[in-house]
file entry-v5.pdb (PDB, C-alpha atoms)
MODEL        1
ATOM      1  CA  MET A   1       2.032  17.183  -8.638
ATOM      2  CA  PRO A   2       3.951  17.544 -11.958
ATOM      3  CA  GLU A   3       3.147  20.388 -14.331
ATOM      4  CA  MET A   4       2.362  18.153 -17.299
ATOM      5  CA  LEU A   5       2.188  14.457 -18.177
ATOM      6  CA  ARG A   6       3.092  12.874 -21.483
ATOM      7  CA  LEU A   7       0.142  10.620 -21.989
ATOM      8  CA  PRO A   8       0.223   7.097 -23.435
ATOM      9  CA  ALA A   9      -2.839   5.340 -24.827
ATOM     10  CA  SER A  10      -4.683   5.108 -21.517
ATOM     11  CA  ARG A  11      -5.061   8.542 -20.002
ATOM     12  CA  THR A  12      -7.106   7.242 -17.084
ATOM     13  CA  GLU A  13      -4.463   4.660 -16.124
ATOM     14  CA  LEU A  14      -1.638   7.177 -16.086
ATOM     15  CA  VAL A  15      -3.687   9.745 -14.177
ATOM     16  CA  LEU A  16      -4.696   7.047 -11.687
ATOM     17  CA  GLU A  17      -1.084   6.029 -11.094
ATOM     18  CA  GLU A  18       0.009   9.647 -10.635
ATOM     19  CA  ILE A  19      -2.730  10.409  -8.107
ATOM     20  CA  ARG A  20      -2.059   7.110  -6.294
ATOM     21  CA  ARG A  21       1.638   7.939  -6.003
ATOM     22  CA  ALA A  22       0.844  11.466  -4.839
ATOM     23  CA  ILE A  23      -1.339  10.031  -2.065
ATOM     24  CA  LEU A  24       1.151   7.365  -1.029
ATOM     25  CA  THR A  25       4.040   9.841  -1.098
ATOM     26  CA  ARG A  26       2.054  12.308   1.035
ATOM     27  CA  ARG A  27       2.012  15.024  -1.618
ATOM     28  CA  LEU A  28      -1.747  14.691  -1.223
ATOM     29  CA  LEU A  29      -2.517  14.429   2.487
ATOM     30  CA  PRO A  30      -5.267  12.468   4.281
ATOM     31  CA  GLY A  31      -8.501  14.421   4.246
ATOM     32  CA  GLN A  32      -7.332  16.740   1.457
ATOM     33  CA  PRO A  33     -10.093  17.565  -1.069
ATOM     34  CA  LEU A  34      -9.518  16.252  -4.590
ATOM     35  CA  VAL A  35     -10.931  18.838  -6.971
ATOM     36  CA  GLU A  36     -11.262  17.482 -10.498
ATOM     37  CA  MET A  37     -10.565  20.790 -12.231
ATOM     38  CA  GLU A  38      -7.432  21.453 -10.169
ATOM     39  CA  LEU A  39      -6.038  17.951 -10.711
ATOM     40  CA  ALA A  40      -6.819  18.100 -14.437
ATOM     41  CA  SER A  41      -4.969  21.405 -14.738
ATOM     42  CA  GLN A  42      -1.945  20.136 -12.797
ATOM     43  CA  LEU A  43      -1.744  16.954 -14.884
ATOM     44  CA  GLY A  44      -2.485  18.590 -18.223
ATOM     45  CA  VAL A  45      -5.559  16.489 -18.991
ATOM     46  CA  SER A  46      -9.315  16.948 -19.193
ATOM     47  CA  LYS A  47     -11.592  16.332 -16.217
ATOM     48  CA  THR A  48     -12.851  12.995 -17.628
ATOM     49  CA  PRO A  49      -9.772  10.806 -16.905
ATOM     50  CA  VAL A  50      -9.429  12.473 -13.498
ATOM     51  CA  ARG A  51     -13.053  11.668 -12.646
ATOM     52  CA  GLU A  52     -12.608   8.060 -13.796
ATOM     53  CA  ALA A  53      -9.338   7.704 -11.868
ATOM     54  CA  LEU A  54     -10.897   9.002  -8.657
ATOM     55  CA  LYS A  55     -13.710   6.472  -8.948
ATOM     56  CA  LEU A  56     -11.199   3.650  -9.383
ATOM     57  CA  LEU A  57      -9.142   4.903  -6.446
ATOM     58  CA  SER A  58     -12.248   4.915  -4.282
ATOM     59  CA  GLY A  59     -12.527   1.210  -5.063
ATOM     60  CA  SER A  60      -8.960   0.599  -3.898
ATOM     61  CA  GLY A  61      -9.600   2.557  -0.716
ATOM     62  CA  LEU A  62      -7.389   5.611  -1.213
ATOM     63  CA  VAL A  63     -10.203   8.034  -2.002
ATOM     64  CA  THR A  64     -13.567   8.604  -0.337
ATOM     65  CA  PHE A  65     -16.624  10.427  -1.606
ATOM     66  CA  SER A  66     -18.914  12.535   0.536
ATOM     67  CA  PRO A  67     -22.343  13.604  -0.753
ATOM     68  CA  TYR A  68     -21.560  17.164   0.384
ATOM     69  CA  LYS A  69     -17.784  17.542   0.016
ATOM     70  CA  GLY A  70     -17.019  15.374  -3.006
ATOM     71  CA  ALA A  71     -13.776  13.392  -3.301
ATOM     72  CA  SER A  72     -10.975  13.521  -0.725
ATOM     73  CA  VAL A  73      -7.938  11.481   0.307
ATOM     74  CA  ARG A  74      -8.893   8.758   2.773
ATOM     75  CA  VAL A  75      -8.076   9.408   6.403
ATOM     76  CA  VAL A  76      -6.475   6.464   8.196
ATOM     77  CA  ASP A  77      -8.543   5.689  11.279
ATOM     78  CA  ARG A  78      -8.511   2.851  13.780
ATOM     79  CA  GLU A  79     -11.345   0.972  12.109
ATOM     80  CA  LEU A  80      -9.600   1.025   8.738
ATOM     81  CA  ALA A  81      -6.303  -0.228  10.179
ATOM     82  CA  MET A  82      -7.992  -3.025  12.112
ATOM     83  CA  ALA A  83     -10.164  -4.108   9.171
ATOM     84  CA  VAL A  84      -7.317  -4.186   6.646
ATOM     85  CA  TYR A  85      -4.969  -6.102   8.900
ATOM     86  CA  ASP A  86      -7.683  -8.488  10.026
ATOM     87  CA  VAL A  87      -8.243  -9.574   6.418
ATOM     88  CA  ARG A  88      -4.513  -9.741   5.747
ATOM     89  CA  LEU A  89      -3.986 -11.961   8.788
ATOM     90  CA  LEU A  90      -6.735 -14.298   7.619
ATOM     91  CA  LEU A  91      -5.598 -14.616   4.000
ATOM     92  CA  GLU A  92      -2.040 -13.500   3.300
ATOM     93  CA  PRO A  93      -0.045 -16.052   5.344
ATOM     94  CA  GLU A  94      -1.970 -18.863   3.627
ATOM     95  CA  ALA A  95      -1.420 -17.337   0.194
ATOM     96  CA  VAL A  96       2.321 -16.908   0.775
ATOM     97  CA  GLY A  97       2.637 -20.464   2.079
ATOM     98  CA  ARG A  98       0.858 -21.800  -0.991
ATOM     99  CA  ALA A  99       3.107 -19.810  -3.312
ATOM    100  CA  VAL A 100       6.175 -21.336  -1.658
ATOM    101  CA  SER A 101       4.751 -24.855  -1.800
ATOM    102  CA  ARG A 102       4.089 -24.354  -5.526
ATOM    103  CA  GLY A 103       7.718 -23.363  -6.070
ATOM    104  CA  ASP A 104       7.012 -19.858  -7.369
ATOM    105  CA  GLN A 105      10.501 -18.746  -8.435
ATOM    106  CA  ALA A 106       9.407 -15.598 -10.261
ATOM    107  CA  GLY A 107       7.840 -14.298  -7.075
ATOM    108  CA  LEU A 108      11.025 -14.930  -5.125
ATOM    109  CA  VAL A 109      13.079 -13.003  -7.679
ATOM    110  CA  ALA A 110      10.675 -10.050  -7.521
ATOM    111  CA  ALA A 111      10.660 -10.169  -3.715
ATOM    112  CA  ARG A 112      14.467 -10.168  -3.633
ATOM    113  CA  THR A 113      14.545  -7.136  -5.931
ATOM    114  CA  ALA A 114      12.083  -5.266  -3.684
ATOM    115  CA  LEU A 115      14.045  -6.231  -0.561
ATOM    116  CA  ASP A 116      17.364  -5.055  -2.007
ATOM    117  CA  SER A 117      15.807  -1.819  -3.231
ATOM    118  CA  ALA A 118      14.292  -1.216   0.201
ATOM    119  CA  ARG A 119      17.703  -1.530   1.842
ATOM    120  CA  ALA A 120      19.074   1.123  -0.524
ATOM    121  CA  VAL A 121      16.138   3.441   0.171
ATOM    122  CA  MET A 122      16.579   3.045   3.939
ATOM    123  CA  THR A 123      19.984   4.765   3.692
ATOM    124  CA  SER A 124      18.842   7.466   1.267
ATOM    125  CA  ASP A 125      18.568  11.209   1.803
ATOM    126  CA  ALA A 126      14.775  10.976   1.413
ATOM    127  CA  MET A 127      14.514   8.651   4.410
ATOM    128  CA  ALA A 128      16.826  10.896   6.410
ATOM    129  CA  SER A 129      14.459  13.792   5.733
ATOM    130  CA  GLY A 130      11.448  11.774   6.920
ATOM    131  CA  ASP A 131      10.032  10.706   3.529
ATOM    132  CA  HIS A 132       8.980   7.067   3.955
ATOM    133  CA  SER A 133       6.774   6.846   0.890
ATOM    134  CA  GLU A 134       9.140   5.001  -1.463
ATOM    135  CA  LEU A 135       9.839   2.420   1.221
ATOM    136  CA  SER A 136       6.105   1.867   1.632
ATOM    137  CA  LEU A 137       5.744   1.246  -2.104
ATOM    138  CA  LEU A 138       8.573  -1.306  -1.995
ATOM    139  CA  ASN A 139       7.011  -2.943   1.056
ATOM    140  CA  ARG A 140       3.812  -3.229  -0.992
ATOM    141  CA  ALA A 141       5.775  -4.791  -3.871
ATOM    142  CA  PHE A 142       7.510  -7.319  -1.602
ATOM    143  CA  HIS A 143       4.270  -8.622  -0.166
ATOM    144  CA  GLN A 144       2.595  -8.951  -3.556
ATOM    145  CA  ALA A 145       5.602 -10.797  -4.952
ATOM    146  CA  MET A 146       5.398 -13.276  -2.084
ATOM    147  CA  TYR A 147       1.712 -14.161  -2.521
ATOM    148  CA  CYS A 148       1.177 -13.724  -6.268
ATOM    149  CA  GLY A 149       2.192 -17.318  -7.038
ATOM    150  CA  CYS A 150      -0.401 -18.909  -4.745
ATOM    151  CA  GLY A 151      -2.397 -20.263  -7.691
ATOM    152  CA  ASN A 152      -5.768 -18.763  -6.722
ATOM    153  CA  PRO A 153      -6.667 -15.698  -8.838
ATOM    154  CA  LEU A 154      -9.539 -14.724  -6.530
ATOM    155  CA  LEU A 155      -7.298 -14.812  -3.455
ATOM    156  CA  ILE A 156      -4.717 -12.688  -5.286
ATOM    157  CA  SER A 157      -7.416 -10.211  -6.294
ATOM    158  CA  VAL A 158      -8.675  -9.830  -2.720
ATOM    159  CA  LEU A 159      -5.156  -9.207  -1.410
ATOM    160  CA  ASP A 160      -4.345  -6.847  -4.292
ATOM    161  CA  ASP A 161      -7.423  -4.815  -3.390
ATOM    162  CA  LEU A 162      -5.923  -4.249   0.073
ATOM    163  CA  ARG A 163      -2.484  -3.147  -1.129
ATOM    164  CA  ASP A 164      -3.199   0.568  -1.426
ATOM    165  CA  ARG A 165      -4.890   0.726   1.967
ATOM    166  CA  ALA A 166      -2.017  -1.195   3.575
ATOM    167  CA  ALA A 167       0.557   1.101   1.944
ATOM    168  CA  LEU A 168      -1.272   4.186   3.204
ATOM    169  CA  ILE A 169      -1.467   2.742   6.725
ATOM    170  CA  SER A 170       2.249   1.911   6.709
ATOM    171  CA  VAL A 171       3.241   5.458   5.686
ATOM    172  CA  VAL A 172       1.126   6.917   8.486
ATOM    173  CA  GLY A 173       2.369   4.299  10.950
ATOM    174  CA  TRP A 174       6.045   4.942  10.279
ATOM    175  CA  GLU A 175       5.586   8.603  11.122
ATOM    176  CA  THR A 176       5.028   7.668  14.769
ATOM    177  CA  SER A 177       6.689   4.232  14.913
ATOM    178  CA  PRO A 178       9.724   4.090  12.590
ATOM    179  CA  SER A 179      10.103   0.303  12.636
ATOM    180  CA  TRP A 180      11.236  -0.267   9.055
ATOM    181  CA  ASP A 181      14.527  -1.835  10.197
ATOM    182  CA  VAL A 182      12.579  -4.491  12.116
ATOM    183  CA  GLU A 183      10.262  -5.083   9.184
ATOM    184  CA  TRP A 184      13.146  -5.334   6.694
ATOM    185  CA  GLU A 185      14.753  -8.041   8.834
ATOM    186  CA  GLU A 186      11.408  -9.850   9.010
ATOM    187  CA  HIS A 187      11.119  -9.667   5.229
ATOM    188  CA  ARG A 188      14.641 -11.059   4.919
ATOM    189  CA  ALA A 189      13.740 -14.013   7.177
ATOM    190  CA  ILE A 190      10.537 -14.667   5.226
ATOM    191  CA  LEU A 191      12.402 -14.646   1.920
ATOM    192  CA  ALA A 192      15.150 -16.912   3.279
ATOM    193  CA  ALA A 193      12.580 -19.463   4.463
ATOM    194  CA  ALA A 194      10.769 -19.228   1.119
ATOM    195  CA  THR A 195      14.013 -19.788  -0.764
ATOM    196  CA  ASP A 196      14.518 -22.956   1.306
ATOM    197  CA  GLY A 197      11.007 -24.101   0.388
ATOM    198  CA  ALA A 198       9.870 -24.089   4.040
ATOM    199  CA  ASP A 199       6.227 -23.244   3.382
ATOM    200  CA  ASP A 200       5.019 -23.854   6.959
ATOM    201  CA  LEU A 201       7.721 -21.606   8.383
ATOM    202  CA  VAL A 202       6.981 -18.936   5.784
ATOM    203  CA  THR A 203       3.308 -19.008   6.757
ATOM    204  CA  GLU A 204       4.207 -18.618  10.440
ATOM    205  CA  LEU A 205       6.713 -15.814   9.802
ATOM    206  CA  THR A 206       4.308 -13.916   7.559
ATOM    207  CA  ARG A 207       1.548 -14.102  10.159
ATOM    208  CA  GLY A 208       3.907 -12.860  12.875
ATOM    209  CA  HIS A 209       5.148 -10.058  10.636
ATOM    210  CA  ILE A 210       1.652  -8.749   9.870
ATOM    211  CA  GLN A 211       0.488  -9.107  13.480
ATOM    212  CA  GLY A 212       3.589  -7.342  14.753
ATOM    213  CA  PHE A 213       2.999  -4.301  12.599
ATOM    214  CA  LEU A 214      -0.659  -4.184  13.591
ATOM    215  CA  ASP A 215       0.292  -4.324  17.275
ATOM    216  CA  ARG A 216       2.772  -1.480  16.815
ATOM    217  CA  ILE A 217       0.472   0.876  14.945
ATOM    218  CA  VAL A 218      -2.444   0.334  17.308
ATOM    219  CA  ALA A 219      -0.158   0.915  20.292
ATOM    220  CA  THR A 220       1.621   4.011  18.975
ATOM    221  CA  MET A 221      -0.580   5.748  16.398
ATOM    222  CA  ASP A 222      -3.019   8.363  17.628
ATOM    223  CA  LEU A 223      -5.714   7.110  15.288
ATOM    224  CA  PRO A 224      -9.160   8.687  15.243
ATOM    225  CA  THR A 225     -12.268   6.540  15.246
ATOM    226  CA  SER A 226     -14.297   6.699  12.084
ATOM    227  CA  GLY A 227     -17.446   8.385  13.382
ATOM    228  CA  VAL A 228     -19.825   8.805  10.467
ATOM    229  CA  ALA A 229     -18.262   7.010   7.528
ATOM    230  CA  PRO A 230     -18.155   8.785   4.169
ATOM    231  CA  VAL A 231     -20.073   7.262   1.289
ATOM    232  CA  ASP A 232     -17.808   5.432  -1.136
ATOM    233  CA  ALA A 233     -18.657   5.699  -4.804
TER     234      ALA A 233
ENDMDL
END
call {"tool": "encode", "arguments": {"input": "entry-v5.pdb", "output": "structure tokens"}}
result
Amino acid sequence: MPEMLRLPASRTELVLEEIRRAILTRRLLPGQPLVEMELASQLGVSKTPVREALKLLSGSGLVTFSPYKGASVRVVDRELAMAVYDVRLLLEPEAVGRAVSRGDQAGLVAARTALDSARAVMTSDAMASGDHSELSLLNRAFHQAMYCGCGNPLLISVLDDLRDRAALISVVGWETSPSWDVEWEEHRAILAAATDGADDLVTELTRGHIQGFLDRIVATMDLPTSGVAPVDA
């Protein structure tokens, strides 16, 4: 965590983004306690924006609250991975297909930017040292860019709510199954089909892409089962 943040108008928003990035970049590890006073000191803020940020992050699935232990980083277990990818399989291919059929050019531009950035990251020193976090964030950005033009704000909201969980799962998954080259090629094929306006093909490719990753992580990740679930705030 950085020693101090220069805060804009919304302290909570900046604190939230910093804690989110720390979780998704594995600076804060799954199961690690999140102590308000410690985080506030590290970020140079009061406890109030930290408390508010942790509550918001519990809503996005990155933080859990236990009645006895307080806040901690969510642990990726088998039930979480299956639940997140089940919903994505049901909704995301349809949303991406709709975005293509509506001719969403802004989404295609954003997806291309994320794809190109991901290729650069894949050859970086960070990736060579085993840090997959930035690639996971770009993967998250690619998928949102592809579905954000679907025309249904509620559908977008549901998929947005899954983004943090999906990013966390991908970081954990790549530690045991480094398949980012396969996934980058699948993204490239999805974007090419979208650029051609082939909405049915895009829907099919997106479904296969999501299912393929789910199959790989279930097959290769030594995921715990949830046991007694913590109480989310």
call {"tool": "resolve_selection", "arguments": {"input": "entry-v5.pdb", "expression": "the PyMOL selection byres ((chain A and resi 104-110) around 8)", "output": "compact mmCIF listing (two decimals) with C-alpha atoms, keeping the file's coordinate frame"}}
result
# COMPACT_ATOMS: atom_id res chain seq x y z
CA ALA A 99 3.11 -19.81 -3.31
CA VAL A 100 6.18 -21.34 -1.66
CA SER A 101 4.75 -24.86 -1.80
CA ARG A 102 4.09 -24.35 -5.53
CA GLY A 103 7.72 -23.36 -6.07
CA ALA A 111 10.66 -10.17 -3.72
CA ARG A 112 14.47 -10.17 -3.63
CA THR A 113 14.54 -7.14 -5.93
CA ALA A 114 12.08 -5.27 -3.68
CA PHE A 142 7.51 -7.32 -1.60
CA ALA A 145 5.60 -10.80 -4.95
CA MET A 146 5.40 -13.28 -2.08
CA TYR A 147 1.71 -14.16 -2.52
CA CYS A 148 1.18 -13.72 -6.27
CA GLY A 149 2.19 -17.32 -7.04
CA CYS A 150 -0.40 -18.91 -4.74
CA LEU A 191 12.40 -14.65 1.92
CA ALA A 194 10.77 -19.23 1.12
CA THR A 195 14.01 -19.79 -0.76
call {"tool": "closest_residue", "arguments": {"input": "entry-v5.pdb", "among": "A:Ala53, A:Met122, A:Val84, A:Val171", "to": "A:Trp184", "atoms": "only C-alpha atoms"}}
result
A:Met122
call {"tool": "resolve_selection", "arguments": {"input": "entry-v5.pdb", "expression": "the PyMOL selection byres ((chain A and resi 168) around 12)", "output": "compact mmCIF listing (two decimals) with C-alpha atoms, in the frame of the given file"}}
result
# COMPACT_ATOMS: atom_id res chain seq x y z
CA ARG A 20 -2.06 7.11 -6.29
CA ARG A 21 1.64 7.94 -6.00
CA ALA A 22 0.84 11.47 -4.84
CA ILE A 23 -1.34 10.03 -2.06
CA LEU A 24 1.15 7.36 -1.03
CA THR A 25 4.04 9.84 -1.10
CA ARG A 26 2.05 12.31 1.03
CA LEU A 28 -1.75 14.69 -1.22
CA LEU A 29 -2.52 14.43 2.49
CA PRO A 30 -5.27 12.47 4.28
CA SER A 60 -8.96 0.60 -3.90
CA GLY A 61 -9.60 2.56 -0.72
CA LEU A 62 -7.39 5.61 -1.21
CA VAL A 63 -10.20 8.03 -2.00
CA VAL A 73 -7.94 11.48 0.31
CA ARG A 74 -8.89 8.76 2.77
CA VAL A 75 -8.08 9.41 6.40
CA VAL A 76 -6.48 6.46 8.20
CA ASP A 77 -8.54 5.69 11.28
CA LEU A 80 -9.60 1.02 8.74
CA ALA A 81 -6.30 -0.23 10.18
CA VAL A 84 -7.32 -4.19 6.65
CA HIS A 132 8.98 7.07 3.96
CA SER A 133 6.77 6.85 0.89
CA GLU A 134 9.14 5.00 -1.46
CA LEU A 135 9.84 2.42 1.22
CA SER A 136 6.10 1.87 1.63
CA LEU A 137 5.74 1.25 -2.10
CA ASN A 139 7.01 -2.94 1.06
CA ARG A 140 3.81 -3.23 -0.99
CA LEU A 162 -5.92 -4.25 0.07
CA ARG A 163 -2.48 -3.15 -1.13
CA ASP A 164 -3.20 0.57 -1.43
CA ARG A 165 -4.89 0.73 1.97
CA ALA A 166 -2.02 -1.20 3.58
CA ALA A 167 0.56 1.10 1.94
CA ILE A 169 -1.47 2.74 6.72
CA SER A 170 2.25 1.91 6.71
CA VAL A 171 3.24 5.46 5.69
CA VAL A 172 1.13 6.92 8.49
CA GLY A 173 2.37 4.30 10.95
CA TRP A 174 6.04 4.94 10.28
CA GLU A 175 5.59 8.60 11.12
call {"tool": "residues_near_point", "arguments": {"input": "entry-v5.pdb", "point": "(-2.6, -16.5, -1.9)", "cutoff": "10 Å", "atoms": "only C-alpha atoms", "output": "number ranges by chain"}}
result
A: 91-99, 144, 146-159
call {"tool": "write_last_selection", "arguments": {"input": "entry-v5.pdb", "atoms": "C-alpha atoms", "output": "PDB file, keeping the file's coordinate frame"}}
result
ATOM      1  CA  LEU A  91      -5.598 -14.616   4.000  1.00  0.00           C
ATOM      2  CA  GLU A  92      -2.040 -13.500   3.300  1.00  0.00           C
ATOM      3  CA  PRO A  93      -0.045 -16.052   5.344  1.00  0.00           C
ATOM      4  CA  GLU A  94      -1.970 -18.863   3.627  1.00  0.00           C
ATOM      5  CA  ALA A  95      -1.420 -17.337   0.194  1.00  0.00           C
ATOM      6  CA  VAL A  96       2.321 -16.908   0.775  1.00  0.00           C
ATOM      7  CA  GLY A  97       2.637 -20.464   2.079  1.00  0.00           C
ATOM      8  CA  ARG A  98       0.858 -21.800  -0.991  1.00  0.00           C
ATOM      9  CA  ALA A  99       3.107 -19.810  -3.312  1.00  0.00           C
ATOM     10  CA  GLN A 144       2.595  -8.951  -3.556  1.00  0.00           C
ATOM     11  CA  MET A 146       5.398 -13.276  -2.084  1.00  0.00           C
ATOM     12  CA  TYR A 147       1.712 -14.161  -2.521  1.00  0.00           C
ATOM     13  CA  CYS A 148       1.177 -13.724  -6.268  1.00  0.00           C
ATOM     14  CA  GLY A 149       2.192 -17.318  -7.038  1.00  0.00           C
ATOM     15  CA  CYS A 150      -0.401 -18.909  -4.745  1.00  0.00           C
ATOM     16  CA  GLY A 151      -2.397 -20.263  -7.691  1.00  0.00           C
ATOM     17  CA  ASN A 152      -5.768 -18.763  -6.722  1.00  0.00           C
ATOM     18  CA  PRO A 153      -6.667 -15.698  -8.838  1.00  0.00           C
ATOM     19  CA  LEU A 154      -9.539 -14.724  -6.530  1.00  0.00           C
ATOM     20  CA  LEU A 155      -7.298 -14.812  -3.455  1.00  0.00           C
ATOM     21  CA  ILE A 156      -4.717 -12.688  -5.286  1.00  0.00           C
ATOM     22  CA  SER A 157      -7.416 -10.211  -6.294  1.00  0.00           C
ATOM     23  CA  VAL A 158      -8.675  -9.830  -2.720  1.00  0.00           C
ATOM     24  CA  LEU A 159      -5.156  -9.207  -1.410  1.00  0.00           C
TER      25      LEU A 159
END
call {"tool": "atom_distance", "arguments": {"input": "entry-v5.pdb", "atom1": "atom CA of A:Ala198", "atom2": "atom CA of A:Arg88"}}
result
20.4 Å
call {"tool": "resolve_selection", "arguments": {"input": "entry-v5.pdb", "expression": "the PyMOL selection byres ((chain A and resi 52) around 10)", "output": "PyMOL selection string"}}
result
chain A and resi 11-13+15-16+47-51+53-57
call {"tool": "closest_residue", "arguments": {"input": "entry-v5.pdb", "among": "A:Thr176, A:Gln32, A:Ser124, A:Ser117", "to": "A:Thr64", "atoms": "all atoms listed in the file"}}
result
A:Gln32
call {"tool": "atom_distance", "arguments": {"input": "entry-v5.pdb", "atom1": "atom CA of A:Arg119", "atom2": "atom CA of A:Val218"}}
result
25.5 Å
call {"tool": "atom_distance", "arguments": {"input": "entry-v5.pdb", "atom1": "atom CA of A:Leu138", "atom2": "atom CA of A:Ala118"}}
result
6.1 Å
call {"tool": "residues_near_point", "arguments": {"input": "entry-v5.pdb", "point": "(3.4, -7.2, 5.7)", "cutoff": "7 Å", "atoms": "all atoms listed in the file", "output": "list in words"}}
result
His143, His209 and Ile210 of chain A
call {"tool": "closest_residue", "arguments": {"input": "entry-v5.pdb", "among": "A:Ala193, A:Val45, A:Gln211, A:Gly31", "to": "A:Lys69", "atoms": "only C-alpha atoms"}}
result
A:Gly31
call {"tool": "closest_residue", "arguments": {"input": "entry-v5.pdb", "among": "A:Asp200, A:Asp125, A:Asp161, A:Asp116", "to": "A:Glu185", "atoms": "only C-alpha atoms"}}
result
A:Asp116
call {"tool": "closest_residue", "arguments": {"input": "entry-v5.pdb", "among": "A:Ala71, A:Ile190, A:Ser58, A:Ile19", "to": "A:Val35", "atoms": "all atoms listed in the file"}}
result
A:Ala71
call {"tool": "decode", "arguments": {"input": "entry-v5.pdb", "residues": "stretch 192-207 of chain A", "atoms": "N, CA and C atoms", "output": "PDB file, in the first residue's frame"}}
result
ATOM      1  N   ALA A 192     -12.632  -9.573 -33.511  1.00  0.00           N
ATOM      2  CA  ALA A 192     -12.676  -9.619 -34.976  1.00  0.00           C
ATOM      3  C   ALA A 192     -14.094  -9.889 -35.466  1.00  0.00           C
ATOM      4  N   ALA A 193     -14.782 -10.833 -34.833  1.00  0.00           N
ATOM      5  CA  ALA A 193     -16.162 -11.137 -35.222  1.00  0.00           C
ATOM      6  C   ALA A 193     -17.075  -9.941 -34.938  1.00  0.00           C
ATOM      7  N   ALA A 194     -16.828  -9.261 -33.813  1.00  0.00           N
ATOM      8  CA  ALA A 194     -17.639  -8.088 -33.478  1.00  0.00           C
ATOM      9  C   ALA A 194     -17.419  -6.966 -34.478  1.00  0.00           C
ATOM     10  N   THR A 195     -16.181  -6.785 -34.897  1.00  0.00           N
ATOM     11  CA  THR A 195     -15.863  -5.755 -35.883  1.00  0.00           C
ATOM     12  C   THR A 195     -16.568  -6.032 -37.208  1.00  0.00           C
ATOM     13  N   ASP A 196     -16.750  -7.310 -37.528  1.00  0.00           N
ATOM     14  CA  ASP A 196     -17.463  -7.704 -38.751  1.00  0.00           C
ATOM     15  C   ASP A 196     -18.978  -7.646 -38.587  1.00  0.00           C
ATOM     16  N   GLY A 197     -19.434  -7.361 -37.366  1.00  0.00           N
ATOM     17  CA  GLY A 197     -20.873  -7.288 -37.115  1.00  0.00           C
ATOM     18  C   GLY A 197     -21.547  -8.643 -37.019  1.00  0.00           C
ATOM     19  N   ALA A 198     -20.774  -9.702 -36.770  1.00  0.00           N
ATOM     20  CA  ALA A 198     -21.327 -11.065 -36.718  1.00  0.00           C
ATOM     21  C   ALA A 198     -21.808 -11.360 -35.305  1.00  0.00           C
ATOM     22  N   ASP A 199     -22.982 -10.859 -34.950  1.00  0.00           N
ATOM     23  CA  ASP A 199     -23.446 -10.942 -33.570  1.00  0.00           C
ATOM     24  C   ASP A 199     -23.663 -12.383 -33.109  1.00  0.00           C
ATOM     25  N   ASP A 200     -24.180 -13.250 -33.970  1.00  0.00           N
ATOM     26  CA  ASP A 200     -24.384 -14.651 -33.570  1.00  0.00           C
ATOM     27  C   ASP A 200     -23.058 -15.345 -33.281  1.00  0.00           C
ATOM     28  N   LEU A 201     -22.066 -15.092 -34.122  1.00  0.00           N
ATOM     29  CA  LEU A 201     -20.753 -15.692 -33.907  1.00  0.00           C
ATOM     30  C   LEU A 201     -20.112 -15.145 -32.636  1.00  0.00           C
ATOM     31  N   VAL A 202     -20.259 -13.850 -32.404  1.00  0.00           N
ATOM     32  CA  VAL A 202     -19.716 -13.249 -31.189  1.00  0.00           C
ATOM     33  C   VAL A 202     -20.334 -13.895 -29.956  1.00  0.00           C
ATOM     34  N   THR A 203     -21.639 -14.094 -29.982  1.00  0.00           N
ATOM     35  CA  THR A 203     -22.324 -14.737 -28.859  1.00  0.00           C
ATOM     36  C   THR A 203     -21.758 -16.128 -28.611  1.00  0.00           C
ATOM     37  N   GLU A 204     -21.582 -16.892 -29.681  1.00  0.00           N
ATOM     38  CA  GLU A 204     -21.045 -18.257 -29.566  1.00  0.00           C
ATOM     39  C   GLU A 204     -19.614 -18.250 -29.046  1.00  0.00           C
ATOM     40  N   LEU A 205     -18.780 -17.352 -29.572  1.00  0.00           N
ATOM     41  CA  LEU A 205     -17.379 -17.291 -29.150  1.00  0.00           C
ATOM     42  C   LEU A 205     -17.252 -16.848 -27.700  1.00  0.00           C
ATOM     43  N   THR A 206     -18.081 -15.909 -27.292  1.00  0.00           N
ATOM     44  CA  THR A 206     -18.039 -15.433 -25.905  1.00  0.00           C
ATOM     45  C   THR A 206     -18.444 -16.542 -24.942  1.00  0.00           C
ATOM     46  N   ARG A 207     -19.462 -17.283 -25.301  1.00  0.00           N
ATOM     47  CA  ARG A 207     -19.904 -18.399 -24.446  1.00  0.00           C
ATOM     48  C   ARG A 207     -18.789 -19.451 -24.330  1.00  0.00           C
TER      49      ARG A 207
END
